[in-house]
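Peer 1: Okay, so here is upload_19.csv, and as you'll see once you scroll down, it has CSV, C-alpha atoms.
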chain,number,residue,atom,x,y,z
A,14,MET,CA,7.1,21.4,5.3
A,15,PRO,CA,10.3,23.0,4.0
A,16,HIS,CA,10.7,23.7,0.3
A,17,PRO,CA,14.2,25.3,0.3
A,18,ALA,CA,14.6,25.9,-3.4
A,19,GLY,CA,13.8,28.9,-5.4
A,20,PRO,CA,11.1,29.3,-8.1
A,21,SER,CA,8.9,26.4,-9.1
A,22,ASP,CA,8.5,27.6,-12.6
A,23,ASP,CA,11.2,26.4,-15.1
A,24,ASP,CA,13.0,29.6,-15.6
A,25,GLY,CA,16.2,27.9,-16.6
A,26,ALA,CA,18.0,29.1,-13.5
A,27,ALA,CA,20.3,26.9,-11.4
A,28,THR,CA,20.7,24.3,-14.2
A,29,LEU,CA,23.1,21.8,-12.8
A,30,PHE,CA,22.5,19.0,-15.3
A,31,GLY,CA,20.3,18.2,-18.2
A,32,LEU,CA,19.4,15.3,-20.4
A,33,GLU,CA,22.9,14.6,-21.5
A,34,ALA,CA,23.9,13.9,-17.9
A,35,LEU,CA,21.1,11.4,-17.6
A,36,GLY,CA,21.8,9.5,-20.8
A,37,ALA,CA,19.0,11.4,-22.4
A,38,PRO,CA,16.1,9.4,-20.9
A,39,GLY,CA,13.6,11.5,-22.8
A,40,ALA,CA,14.8,10.1,-26.1
A,41,ALA,CA,16.1,6.8,-24.9
A,42,SER,CA,13.1,4.7,-25.6
A,43,THR,CA,11.5,6.1,-28.7
A,44,THR,CA,12.0,2.7,-30.3
A,45,GLY,CA,11.9,0.4,-27.2
A,46,PRO,CA,12.0,0.2,-23.4
A,47,PRO,CA,14.6,2.0,-21.3
A,48,ALA,CA,18.0,0.5,-20.7
A,49,GLY,CA,17.8,-2.5,-18.3
A,50,ALA,CA,14.5,-3.7,-19.4
A,51,SER,CA,14.4,-7.4,-20.2
A,52,ALA,CA,12.0,-7.4,-23.2
A,53,GLY,CA,10.0,-5.1,-25.4
A,54,PRO,CA,6.4,-4.2,-24.5
A,55,VAL,CA,4.0,-7.1,-25.0
A,56,PHE,CA,1.0,-6.2,-23.0
A,57,ARG,CA,0.8,-2.9,-24.9
A,58,THR,CA,0.0,-4.7,-28.1
A,59,GLY,CA,-2.2,-7.3,-26.7
A,60,ASP,CA,-6.0,-7.8,-26.6
A,61,THR,CA,-6.6,-5.9,-23.4
A,62,ALA,CA,-4.8,-2.8,-24.6
A,63,ARG,CA,-6.7,-3.0,-28.0
A,64,ARG,CA,-10.0,-3.2,-26.2
A,65,LEU,CA,-9.1,-0.2,-24.0
A,66,LEU,CA,-7.7,1.9,-26.8
A,67,PRO,CA,-9.2,1.1,-30.2
A,68,VAL,CA,-7.9,4.5,-31.4
A,69,ARG,CA,-9.5,5.8,-34.6
A,70,GLU,CA,-8.7,9.6,-34.4
A,71,ILE,CA,-5.6,11.4,-33.4
A,72,TYR,CA,-5.9,15.2,-32.9
A,73,ALA,CA,-2.4,16.7,-33.0
A,74,GLU,CA,-0.7,20.0,-32.9
A,75,PRO,CA,1.7,20.0,-35.9
A,76,ALA,CA,4.9,20.1,-33.8
A,77,ALA,CA,3.7,17.3,-31.5
A,78,ALA,CA,2.8,15.1,-34.5
A,79,ALA,CA,6.3,15.7,-36.0
A,80,SER,CA,8.2,15.0,-32.8
A,81,PRO,CA,10.0,11.7,-32.1
A,82,ARG,CA,7.3,10.8,-29.5
A,83,GLY,CA,4.5,11.9,-31.8
A,84,ARG,CA,5.9,9.7,-34.6
A,85,GLN,CA,6.1,6.8,-32.1
A,86,ILE,CA,2.4,7.2,-31.2
A,87,ARG,CA,1.4,7.5,-34.8
A,88,GLU,CA,3.3,4.3,-35.6
A,89,ARG,CA,1.6,2.6,-32.6
A,90,PHE,CA,-1.8,3.4,-34.1
A,91,PRO,CA,-1.2,3.3,-37.9
A,92,GLU,CA,-4.9,3.1,-38.9
A,93,ALA,CA,-5.9,6.2,-36.9
A,94,ARG,CA,-6.8,9.3,-38.8
A,95,LEU,CA,-4.5,12.2,-38.1
A,96,ILE,CA,-6.3,15.6,-37.6
A,97,GLU,CA,-4.1,18.7,-37.2
A,98,VAL,CA,-5.3,21.2,-34.6
A,99,ASP,CA,-4.0,24.6,-33.4
A,100,SER,CA,-4.3,23.8,-29.7
A,101,HIS,CA,-4.7,20.6,-27.7
A,102,TRP,CA,-6.9,22.6,-25.2
A,103,ASN,CA,-9.4,23.9,-27.7
A,104,ILE,CA,-10.6,21.4,-30.4
A,105,PRO,CA,-13.9,22.3,-32.1
A,106,GLY,CA,-16.3,19.3,-32.1
A,107,LEU,CA,-14.5,17.6,-29.2
A,108,HIS,CA,-14.2,20.0,-26.3
A,109,GLY,CA,-17.4,21.8,-25.2
A,110,ASN,CA,-19.6,19.6,-27.5
A,111,GLU,CA,-22.6,18.6,-25.4
A,112,GLY,CA,-23.5,15.9,-27.9
A,113,ASN,CA,-20.3,14.0,-26.8
A,114,VAL,CA,-21.8,13.1,-23.4
A,115,GLU,CA,-23.6,10.2,-25.0
A,116,ARG,CA,-20.3,9.0,-26.4
A,117,TRP,CA,-18.3,9.7,-23.2
A,118,VAL,CA,-16.7,6.2,-23.0
A,119,ARG,CA,-16.3,5.8,-26.8
A,120,VAL,CA,-14.4,9.0,-27.1
A,121,LYS,CA,-12.0,7.9,-24.3
A,122,GLY,CA,-11.0,4.8,-26.2
A,123,GLU,CA,-11.2,6.0,-29.8
A,124,THR,CA,-9.6,9.4,-29.6
A,125,LEU,CA,-6.2,10.6,-28.7
A,126,VAL,CA,-4.8,14.1,-28.5
A,127,LEU,CA,-1.2,15.0,-29.0
A,128,GLY,CA,0.2,18.3,-27.8
A,129,GLU,CA,3.3,20.0,-26.3
A,130,ARG,CA,3.2,21.1,-22.6
A,131,LYS,CA,3.9,24.8,-23.0
A,132,THR,CA,4.3,25.7,-19.3
A,133,LEU,CA,6.6,23.6,-17.1
A,134,THR,CA,5.7,24.3,-13.5
A,135,THR,CA,6.4,22.2,-10.4
A,136,ARG,CA,4.0,23.1,-7.5
A,137,PRO,CA,4.4,22.3,-3.8
A,138,ASN,CA,1.9,19.8,-2.5
A,139,GLY,CA,2.7,18.3,0.9
A,140,ARG,CA,0.0,15.7,1.1
A,141,SER,CA,0.6,12.8,-1.2
A,142,ALA,CA,3.8,14.2,-2.5
A,143,ASP,CA,6.2,17.0,-1.8
A,144,TRP,CA,5.8,18.3,-5.4
A,145,ILE,CA,3.3,18.0,-8.2
A,146,ALA,CA,5.4,17.6,-11.4
A,147,PRO,CA,4.3,18.7,-14.9
A,148,GLY,CA,2.7,15.5,-16.0
A,149,PRO,CA,3.2,13.7,-19.3
A,150,SER,CA,-0.5,13.5,-20.0
A,151,ASN,CA,-3.9,14.9,-19.2
A,152,GLY,CA,-7.0,12.7,-19.3
A,153,CYS,CA,-7.5,9.0,-19.2
A,154,ALA,CA,-8.9,6.1,-21.3
A,155,MET,CA,-10.6,4.8,-18.2
A,156,ALA,CA,-13.9,6.4,-17.1
A,157,CYS,CA,-14.2,6.7,-13.3
A,158,ALA,CA,-17.4,8.5,-12.6
A,159,TYR,CA,-15.9,10.7,-9.9
A,160,CYS,CA,-12.7,11.8,-11.8
A,161,TYR,CA,-11.9,15.4,-11.3
A,162,VAL,CA,-9.9,15.8,-14.6
A,163,PRO,CA,-12.8,16.3,-17.0
A,164,ARG,CA,-14.3,19.2,-15.1
A,165,ARG,CA,-12.4,21.7,-17.2
A,166,LYS,CA,-12.8,19.9,-20.5
A,167,GLY,CA,-16.5,20.1,-21.1
A,168,TYR,CA,-18.1,17.0,-22.6
A,169,ALA,CA,-15.1,14.9,-23.7
A,170,ASN,CA,-12.0,13.7,-21.8
A,171,PRO,CA,-9.7,11.5,-23.9
A,172,VAL,CA,-6.0,11.1,-23.2
A,173,THR,CA,-3.9,14.1,-24.2
A,174,VAL,CA,-0.3,13.0,-24.5
A,175,PHE,CA,2.5,15.6,-24.2
A,176,THR,CA,5.1,14.7,-26.6
A,177,ASN,CA,7.9,17.0,-25.3
A,178,ILE,CA,8.9,14.5,-22.7
A,179,ASP,CA,12.5,15.5,-23.0
A,180,ALA,CA,11.7,19.0,-21.9
A,181,ILE,CA,9.6,17.7,-19.0
A,182,ILE,CA,12.5,15.5,-17.8
A,183,ALA,CA,15.0,18.3,-18.2
A,184,HIS,CA,12.8,20.6,-16.1
A,185,LEU,CA,12.5,18.0,-13.4
A,186,GLY,CA,16.3,17.5,-13.4
A,187,ARG,CA,16.9,21.2,-12.8
A,188,HIS,CA,14.2,21.3,-10.1
A,189,ILE,CA,15.5,18.3,-8.2
A,190,ALA,CA,19.1,19.7,-8.4
A,191,ARG,CA,17.9,22.9,-6.8
A,192,GLN,CA,16.4,21.1,-3.8
A,193,GLY,CA,19.5,19.4,-2.5
A,194,ARG,CA,18.9,16.7,0.1
A,195,LYS,CA,15.7,16.5,2.0
A,196,PRO,CA,16.4,18.1,5.4
A,197,ALA,CA,13.9,16.1,7.5
A,198,PRO,CA,11.3,13.3,7.2
A,199,ASN,CA,7.7,14.2,6.5
A,200,GLN,CA,4.5,12.3,5.6
A,201,CYS,CA,5.5,12.1,2.0
A,202,ASP,CA,8.8,10.2,2.6
A,203,ASP,CA,11.6,10.0,5.1
A,204,THR,CA,14.5,10.8,2.8
A,205,ALA,CA,13.4,11.5,-0.8
A,206,TRP,CA,11.6,14.5,-2.3
A,207,VAL,CA,8.5,12.9,-3.8
A,208,TYR,CA,7.2,14.1,-7.2
A,209,ASP,CA,3.7,13.1,-8.3
A,210,ILE,CA,4.1,12.6,-12.1
A,211,GLY,CA,0.5,11.5,-12.8
A,212,GLU,CA,-1.8,14.1,-11.2
A,213,ASN,CA,-4.1,14.4,-14.3
A,214,GLY,CA,-3.7,11.0,-15.9
A,215,ASP,CA,-2.9,7.4,-15.2
A,216,CYS,CA,0.7,6.5,-16.0
A,217,SER,CA,0.0,2.8,-16.3
A,218,VAL,CA,-2.5,3.6,-19.1
A,219,ASP,CA,-0.1,6.1,-20.7
A,220,ALA,CA,2.4,3.3,-21.0
A,221,LEU,CA,0.0,1.6,-23.4
A,222,ILE,CA,0.3,4.5,-25.7
A,223,CYS,CA,4.0,5.4,-25.7
A,224,ASP,CA,7.2,5.5,-23.6
A,225,ASN,CA,6.6,8.6,-21.6
A,226,THR,CA,6.1,6.6,-18.4
A,227,ALA,CA,9.2,4.5,-19.1
A,228,ASP,CA,11.3,7.6,-19.6
A,229,LEU,CA,10.2,9.1,-16.4
A,230,VAL,CA,10.8,5.9,-14.4
A,231,HIS,CA,14.2,5.7,-16.1
A,232,ALA,CA,15.1,9.3,-15.2
A,233,PHE,CA,14.1,9.0,-11.5
A,234,ARG,CA,16.2,6.0,-10.9
A,235,GLN,CA,19.2,8.2,-11.6
A,236,TRP,CA,18.2,10.9,-9.1
A,237,PRO,CA,19.2,9.7,-5.6
A,238,THR,CA,17.4,12.5,-3.7
A,239,ALA,CA,14.0,12.2,-5.4
A,240,LYS,CA,11.3,9.7,-6.0
A,241,ALA,CA,8.5,9.5,-8.6
A,242,SER,CA,5.0,8.7,-7.5
A,243,PHE,CA,1.7,8.0,-9.3
A,244,ALA,CA,-1.7,6.5,-8.5
A,245,THR,CA,-3.2,3.9,-10.8
A,246,LYS,CA,-6.3,1.8,-11.3
A,247,PHE,CA,-4.9,-0.2,-14.1
A,248,VAL,CA,-2.5,-3.2,-14.0
A,249,ASN,CA,0.0,-3.0,-16.8
A,250,PRO,CA,2.6,-5.8,-16.7
A,251,ASP,CA,4.9,-3.9,-19.1
A,252,LEU,CA,5.9,-1.7,-16.1
A,253,LEU,CA,7.5,-4.7,-14.4
A,254,ALA,CA,10.4,-4.4,-16.9
A,255,TYR,CA,11.3,-0.8,-16.2
A,256,ASP,CA,13.8,-1.5,-13.4
A,257,PRO,CA,12.9,1.5,-11.2
A,258,ARG,CA,15.4,0.5,-8.5
A,259,GLY,CA,13.2,1.8,-5.7
A,260,ARG,CA,12.9,5.3,-7.1
A,261,THR,CA,9.3,5.1,-8.2
A,262,ARG,CA,6.3,4.7,-5.9
A,263,ILE,CA,3.2,3.2,-7.5
A,264,ARG,CA,-0.1,3.7,-5.5
A,265,PHE,CA,-2.8,1.2,-6.4
A,266,SER,CA,-6.1,2.8,-5.8
A,267,VAL,CA,-8.6,0.4,-4.2
A,268,MET,CA,-12.2,0.5,-3.0
A,269,PRO,CA,-14.8,-2.2,-2.2
A,270,ALA,CA,-15.6,-4.3,-5.3
A,271,ASP,CA,-19.2,-3.4,-5.5
A,272,ASP,CA,-18.3,0.3,-5.5
A,273,SER,CA,-15.7,-0.2,-8.1
A,274,ARG,CA,-18.0,-2.1,-10.5
A,275,LEU,CA,-20.4,0.9,-10.3
A,276,LEU,CA,-17.9,3.8,-10.3
A,277,ASP,CA,-14.5,2.6,-11.7
A,278,VAL,CA,-15.6,2.1,-15.4
A,279,ARG,CA,-13.0,0.5,-17.7
A,280,THR,CA,-10.5,-0.1,-14.9
A,281,SER,CA,-8.7,-3.3,-13.7
A,282,PRO,CA,-10.7,-5.2,-11.1
A,283,VAL,CA,-9.8,-4.3,-7.5
A,284,ALA,CA,-8.7,-7.9,-6.8
A,285,GLU,CA,-6.3,-7.8,-9.8
A,286,ARG,CA,-4.8,-4.5,-8.5
A,287,VAL,CA,-4.2,-6.1,-5.0
A,288,ALA,CA,-2.8,-9.3,-6.5
A,289,ALA,CA,-0.3,-7.3,-8.6
A,290,ALA,CA,1.3,-5.6,-5.6
A,291,ALA,CA,3.8,-8.3,-4.9
A,292,ASP,CA,5.0,-8.5,-8.5
A,293,PHE,CA,5.6,-4.7,-8.5
A,294,VAL,CA,7.5,-4.9,-5.2
A,295,ASP,CA,9.7,-7.7,-6.6
A,296,ALA,CA,10.3,-5.6,-9.7
A,297,GLY,CA,11.8,-2.7,-7.7
A,298,TYR,CA,8.8,-0.4,-7.1
A,299,GLU,CA,7.7,0.9,-3.7
A,300,VAL,CA,4.0,0.0,-3.5
A,301,HIS,CA,1.4,1.9,-1.5
A,302,PHE,CA,-2.4,1.9,-1.6
A,303,ASN,CA,-4.9,4.7,-2.1
A,304,LEU,CA,-8.1,4.0,-0.2
A,305,SER,CA,-9.8,6.2,-2.7
A,306,PRO,CA,-12.4,7.6,-2.9
A,307,VAL,CA,-14.3,6.6,0.2
A,308,VAL,CA,-17.9,6.8,-0.9
A,309,LEU,CA,-20.5,7.0,2.0
A,310,ARG,CA,-23.5,4.8,1.2
A,311,PRO,CA,-25.5,2.3,3.2
A,312,GLY,CA,-23.3,-0.5,4.3
A,313,TRP,CA,-20.0,1.2,3.5
A,314,GLN,CA,-18.3,0.3,6.7
A,315,ALA,CA,-18.9,-3.5,6.2
A,316,ALA,CA,-17.7,-3.2,2.6
A,317,TRP,CA,-14.5,-1.5,3.5
A,318,GLY,CA,-14.0,-4.0,6.4
A,319,GLU,CA,-14.2,-6.9,3.8
A,320,LEU,CA,-11.7,-5.1,1.5
A,321,LEU,CA,-9.2,-4.6,4.4
A,322,GLU,CA,-9.5,-8.3,5.3
A,323,GLN,CA,-8.8,-9.1,1.7
A,324,LEU,CA,-5.7,-7.0,1.7
A,325,ASP,CA,-4.6,-8.7,4.9
A,326,ASP,CA,-5.2,-12.2,3.5
A,327,VAL,CA,-3.8,-11.7,0.0
A,328,LEU,CA,-0.7,-9.5,0.5
A,329,PRO,CA,2.6,-11.3,1.5
A,330,ALA,CA,4.8,-9.9,4.3
A,331,ARG,CA,7.2,-8.2,1.9
A,332,VAL,CA,4.4,-6.0,0.6
A,333,LYS,CA,3.0,-5.2,4.0
A,334,GLU,CA,6.4,-4.3,5.5
A,335,GLN,CA,6.8,-1.4,3.0
A,336,ALA,CA,3.2,-0.4,2.4
A,337,ALA,CA,1.4,2.8,3.4
A,338,ALA,CA,-1.9,4.2,2.6
A,339,GLU,CA,-3.6,7.4,1.7
A,340,VAL,CA,-7.3,7.8,2.6
A,341,ILE,CA,-9.2,10.2,0.3
A,342,MET,CA,-12.8,10.9,0.9
A,343,LEU,CA,-15.0,11.6,-2.1
A,344,THR,CA,-15.0,15.1,-3.6
A,345,HIS,CA,-17.6,15.6,-6.3
A,346,ASN,CA,-18.5,18.5,-8.6
A,347,ARG,CA,-21.9,19.9,-9.8
A,348,ASP,CA,-20.8,20.2,-13.4
A,349,LEU,CA,-19.5,16.6,-13.4
A,350,HIS,CA,-22.7,15.5,-11.8
A,351,GLU,CA,-24.6,16.9,-14.8
A,352,VAL,CA,-22.3,15.2,-17.2
A,353,ASN,CA,-22.7,11.9,-15.4
A,354,LEU,CA,-26.4,12.1,-15.6
A,355,GLY,CA,-26.1,12.0,-19.4
A,356,TRP,CA,-24.0,8.8,-19.5
A,357,HIS,CA,-24.0,7.0,-16.1
A,358,PRO,CA,-26.9,8.2,-13.9
A,359,LYS,CA,-26.8,5.1,-11.6
A,360,ALA,CA,-23.4,6.3,-10.4
A,361,GLU,CA,-24.9,9.6,-9.2
A,362,ASP,CA,-27.2,7.7,-6.8
A,363,ALA,CA,-24.0,7.0,-4.8
A,364,LEU,CA,-22.0,10.1,-5.6
A,365,TRP,CA,-24.6,12.9,-5.3
A,366,ARG,CA,-25.9,12.9,-1.7
A,367,PRO,CA,-26.8,16.6,-0.9
A,368,ALA,CA,-28.0,15.7,2.6
A,369,LEU,CA,-24.4,14.6,3.5
A,370,GLN,CA,-22.5,17.2,1.4
A,371,GLN,CA,-21.5,20.8,1.4
A,372,SER,CA,-20.1,23.1,-1.2
A,373,LYS,CA,-16.4,24.1,-1.2
A,374,ARG,CA,-14.4,26.3,-3.5
A,375,SER,CA,-11.2,24.4,-4.7
A,376,GLU,CA,-7.8,25.9,-5.1
A,377,ASN,CA,-8.3,26.3,-8.8
A,378,GLY,CA,-11.7,28.1,-8.3
A,379,ALA,CA,-14.0,25.2,-9.1
A,380,LEU,CA,-17.2,24.8,-7.0
A,381,ASN,CA,-17.0,21.2,-5.6
A,382,VAL,CA,-19.0,19.3,-3.1
A,383,ARG,CA,-17.5,17.4,-0.2
A,384,TYR,CA,-19.0,15.6,2.8
A,385,ARG,CA,-20.0,17.9,5.6
A,386,ASN,CA,-17.2,18.4,8.2
A,387,GLN,CA,-18.9,16.3,11.0
A,388,VAL,CA,-19.9,13.6,8.5
A,389,LYS,CA,-16.4,13.4,7.1
A,390,ALA,CA,-14.7,13.4,10.6
A,391,GLU,CA,-16.9,10.6,11.8
A,392,ALA,CA,-16.3,8.5,8.7
A,393,LEU,CA,-12.6,8.9,8.9
A,394,ASP,CA,-12.7,7.8,12.6
A,395,ASP,CA,-14.7,4.7,11.5
A,396,LEU,CA,-12.2,3.9,8.7
A,397,ARG,CA,-9.2,4.3,11.0
A,398,GLY,CA,-10.8,1.9,13.4
A,399,LEU,CA,-11.4,-0.6,10.6
A,400,ILE,CA,-7.8,-0.4,9.5
A,401,ALA,CA,-6.6,-0.9,13.1
A,402,ALA,CA,-8.7,-4.0,13.5
A,403,ARG,CA,-8.5,-5.6,10.1
A,404,ALA,CA,-5.1,-4.4,8.6
A,405,PRO,CA,-3.0,-3.0,11.5
A,406,TRP,CA,0.2,-3.2,9.5
A,407,LEU,CA,-1.2,-0.6,7.0
A,408,ARG,CA,0.3,2.8,8.0
A,409,ILE,CA,-1.9,5.8,7.1
A,410,ARG,CA,0.4,8.4,5.5
A,411,TYR,CA,-2.4,11.0,5.4
A,412,ALA,CA,-6.2,11.2,5.3
A,413,PHE,CA,-8.1,13.9,3.4
What is this file in structure tokens?
Peer 2:
Amino acid sequence: MPHPAGPSDDDGAATLFGLEALGAPGAASTTGPPAGASAGPVFRTGDTARRLLPVREIYAEPAAAASPRGRQIRERFPEARLIEVDSHWNIPGLHGNEGNVERWVRVKGETLVLGERKTLTTRPNGRSADWIAPGPSNGCAMACAYCYVPRRKGYANPVTVFTNIDAIIAHLGRHIARQGRKPAPNQCDDTAWVYDIGENGDCSVDALICDNTADLVHAFRQWPTAKASFATKFVNPDLLAYDPRGRTRIRFSVMPADDSRLLDVRTSPVAERVAAAADFVDAGYEVHFNLSPVVLRPGWQAAWGELLEQLDDVLPARVKEQAAAEVIMLTHNRDLHEVNLGWHPKAEDALWRPALQQSKRSENGALNVRYRNQVKAEALDDLRGLIAARAPWLRIRYAF
């Protein structure tokens, strides 16, 4: 896949436009939604959001706390105790504290971390997206038992919000300008350079906290050669007011309901994610689906067949006509397995199956476990067959 531009790091070169040329989207919504939105956030302040994020403590780097975005977040949670820290990556008593395993879910809801993203790097991808953007957050208030993000954080994985969203957007503007037009279609998109903006978090949940997600959606709608993309397991109706104008792809992650009840802790029910797809298409988003992760357990083929039939029954034609899917087989990790045994051991009955799995070193050096090559190949063939039979309209963009 071609990547014609120069360096991915934000070295300041080839700067064709910055925030001022975009109407300063990074600062546009510090007191409200981006231009074009019909109403202020309402779901963000409702009962569901309060249950997911009953924030009591905010650990913050001083500059992050003092920034416009940091002040917005502090006003959003006025009763939370502010604790200044030197680094969002190294917080004594939070990161590396084995005692936090028993509070795994509580920490996710009651704790926020504010920091500034120091290194702005956009990496080539080529699978789900052309590029992995420097995301606006790291960590999540949800608690999916298979999540790869906490593997580097030790025993706690709350949301870390990066408050220098203006710098992130300016970096993306420069990177997009260097690419020019996409020279040829690929599995990511036919015409647009696709940027994954939520690799290490969930942008729908981030939107409960502040306007980082709104600012990114607002920015991408003004870049005709690029498209934002993020996966989510949370239905946040506030996003319907962002007016993305087709420049943001939202990927609803789905799996069989029984698997989700066991593994997708604190997420929106799968049926709710599926039902929301039409509303998001009508609001101007491109809507795809992540069949992710595919967990091999007794009866998995029948369960996925039922889910695909549900998609076929529930989704209207306008969703099916533009939909595509990513198929992602489970990847697990020995360290995360040990953490899960401390707070959710039942999940490991499904996730940790050594007879079916093999070790593999990831790109970042972590020792992960994946299904053995032959097991994975046979499972992918089975799932492709189910899709062809139950939801033949669902184009598979890639399977991994």
Peer 1: When you draw a straight line from CA of Val283 (chain A) to CA of Val267 (chain A), how long is it in Å?
Peer 2: 5.9 Å
Peer 1: Tell me, in Å to one decimal, how far CA of Asp224 (chain A) is from CA of Ile181 (chain A).
Peer 2: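 Separating CA of Asp224 (chain A) from CA of Ile181 (chain A) is a distance of 13.3 Å.
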Peer 1: Using all atoms listed in the file, which residues sit within 9 Å of Gln323 (chain A) once same-chain residues fewer than 4 positions away are excluded, as a PyMOL selection string?
Peer 2: chain A and resi 284+287+318-319+327-328
Peer 1: List every residue of region 266-315 of chain A that has an atom at most 12 Å from any atom of region 343-361 of chain A, and for each one report the closest atom pair and its distance in Å to one decimal, counting all atoms listed in the file, with rows sorted by chain and then by increasing residue number, as a Markdown table.
Peer 2:
| residue | atom | partner | partner_atom | distance |
| --- | --- | --- | --- | --- |
| A:Met268 | CA | A:Leu343 | CA | 11.5 |
| A:Asp271 | CA | A:Ala360 | CA | 11.7 |
| A:Asp272 | CA | A:Ala360 | CA | 9.3 |
| A:Ser273 | CA | A:Ala360 | CA | 10.3 |
| A:Arg274 | CA | A:Ala360 | CA | 10.0 |
| A:Leu275 | CA | A:Ala360 | CA | 6.2 |
| A:Leu276 | CA | A:Ala360 | CA | 6.0 |
| A:Asp277 | CA | A:Ala360 | CA | 9.7 |
| A:Val278 | CA | A:His357 | CA | 9.7 |
| A:Leu304 | CA | A:Leu343 | CA | 10.4 |
| A:Ser305 | CA | A:Leu343 | CA | 7.5 |
| A:Pro306 | CA | A:Leu343 | CA | 4.8 |
| A:Val307 | CA | A:Leu343 | CA | 5.5 |
| A:Val308 | CA | A:Leu343 | CA | 5.7 |
| A:Leu309 | CA | A:Leu343 | CA | 8.3 |
| A:Arg310 | CA | A:Leu343 | CA | 11.4 |
Peer 1: Keeping only C-alpha atoms, write those residues as a CSV table (one decimal), in the coordinates of the input.
Peer 2:
chain,number,residue,atom,x,y,z
A,268,MET,CA,-12.2,0.5,-3.0
A,271,ASP,CA,-19.2,-3.4,-5.5
A,272,ASP,CA,-18.3,0.3,-5.5
A,273,SER,CA,-15.7,-0.2,-8.1
A,274,ARG,CA,-18.0,-2.1,-10.5
A,275,LEU,CA,-20.4,0.9,-10.3
A,276,LEU,CA,-17.9,3.8,-10.3
A,277,ASP,CA,-14.5,2.6,-11.7
A,278,VAL,CA,-15.6,2.1,-15.4
A,304,LEU,CA,-8.1,4.0,-0.2
A,305,SER,CA,-9.8,6.2,-2.7
A,306,PRO,CA,-12.4,7.6,-2.9
A,307,VAL,CA,-14.3,6.6,0.2
A,308,VAL,CA,-17.9,6.8,-0.9
A,309,LEU,CA,-20.5,7.0,2.0
A,310,ARG,CA,-23.5,4.8,1.2
Peer 1: Do you have the CA of Ile86 (chain A)-CA of Ile222 (chain A) distance handy?
Peer 2: 6.5 Å
Peer 1: How big is the axis-aligned box, and where does its centre sit, when it encloses all atoms of region 295-300 of chain A listed in the file and has 3 Å added on every side, reported in Å to one decimal as JSON?
Peer 2:
{"center_x": 7.9, "center_y": -3.4, "center_z": -6.6, "size_x": 13.8, "size_y": 14.6, "size_z": 12.2}
Peer 1: Go through A:Leu66, A:Ala227, A:Ala270, A:Leu95 one by one, measure the shortest atom-to-atom distance of each to Cys153 (chain A) using all atoms listed in the file, and give the residue with the smallest value.
Peer 2: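 Of A:Leu66, A:Ala227, A:Ala270, A:Leu95, the one nearest Cys153 (chain A), counting all atoms listed in the file, is A:Leu66.
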Peer 1: Determine the nearest neighbour of Gly211 (chain A) from the options A:Lys389, A:Lys131, A:Arg264, A:His184, counting all atoms listed in the file.
Peer 2: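 Among the listed residues, A:Arg264 lies closest to Gly211 (chain A).
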Peer 1: Hey, which of A:Gln370, A:Thr238, A:Asn225, A:Val218 ends up closest to Arg191 (chain A)? Count only C-alpha atoms.
Peer 2: A:Thr238
Peer 1: Around the point (-7.3, -7.6, 6.8) in the file's coordinates, collect all residues with an atom within 9 Å, using all atoms listed in the file, and return them as a ChimeraX atom specification.
Peer 2: /A:318-327,399-400,402-405
Peer 1: Could you give me, as an NGL selection string, the residues within 9 Å of Ala241 (chain A), counting all atoms listed in the file and dropping anything in the same chain fewer than 6 positions from it?
Peer 2: :A and (206-210 or 229-230 or 233-234 or 260-263)
Peer 1: So which residues are close to (1.4, 2.6, 7.3), meaning at most 6 Å away in the file's coordinates with only C-alpha atoms counted, and can you show them as a list of chain:residue names?
Peer 2: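 Checked against the point, the hits come out as A:Ala337, A:Ala338, A:Leu407, A:Arg408, A:Ile409.
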Peer 1: Write out as number ranges by chain which residues come within 10 Å of Arg84 (chain A) when counting all atoms listed in the file, dropping same-chain ones fewer than 6 positions away.
Peer 2: A: 43, 77-78, 90, 176
Peer 1: Could you check which of A:Ile96, A:Ala158, A:Val340, A:Leu221 is closest to Gly122 (chain A), using all atoms listed in the file?
Peer 2: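 Looking only at the distances to Gly122 (chain A), the closest residue turns out to be A:Leu221.
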Peer 1: For Pro91 (chain A), which residue out of A:Pro67, A:Gly398, A:Pro282, A:Gly148 is the nearest one, using only C-alpha atoms?
Peer 2: A:Pro67
Peer 1: Counting all atoms listed in the file, which residue out of A:Ala330, A:Pro311, A:Arg383, A:Arg279 sits closest to Val294 (chain A)?
Peer 2: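 Using all atoms listed in the file, Val294 (chain A) sits closest to A:Ala330.
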Peer 1: Quick one: residues within 12 Å of Met155 (chain A), only C-alpha atoms, excluding same-chain residues fewer than 3 positions away - as a count of residues only?
Peer 2: 35
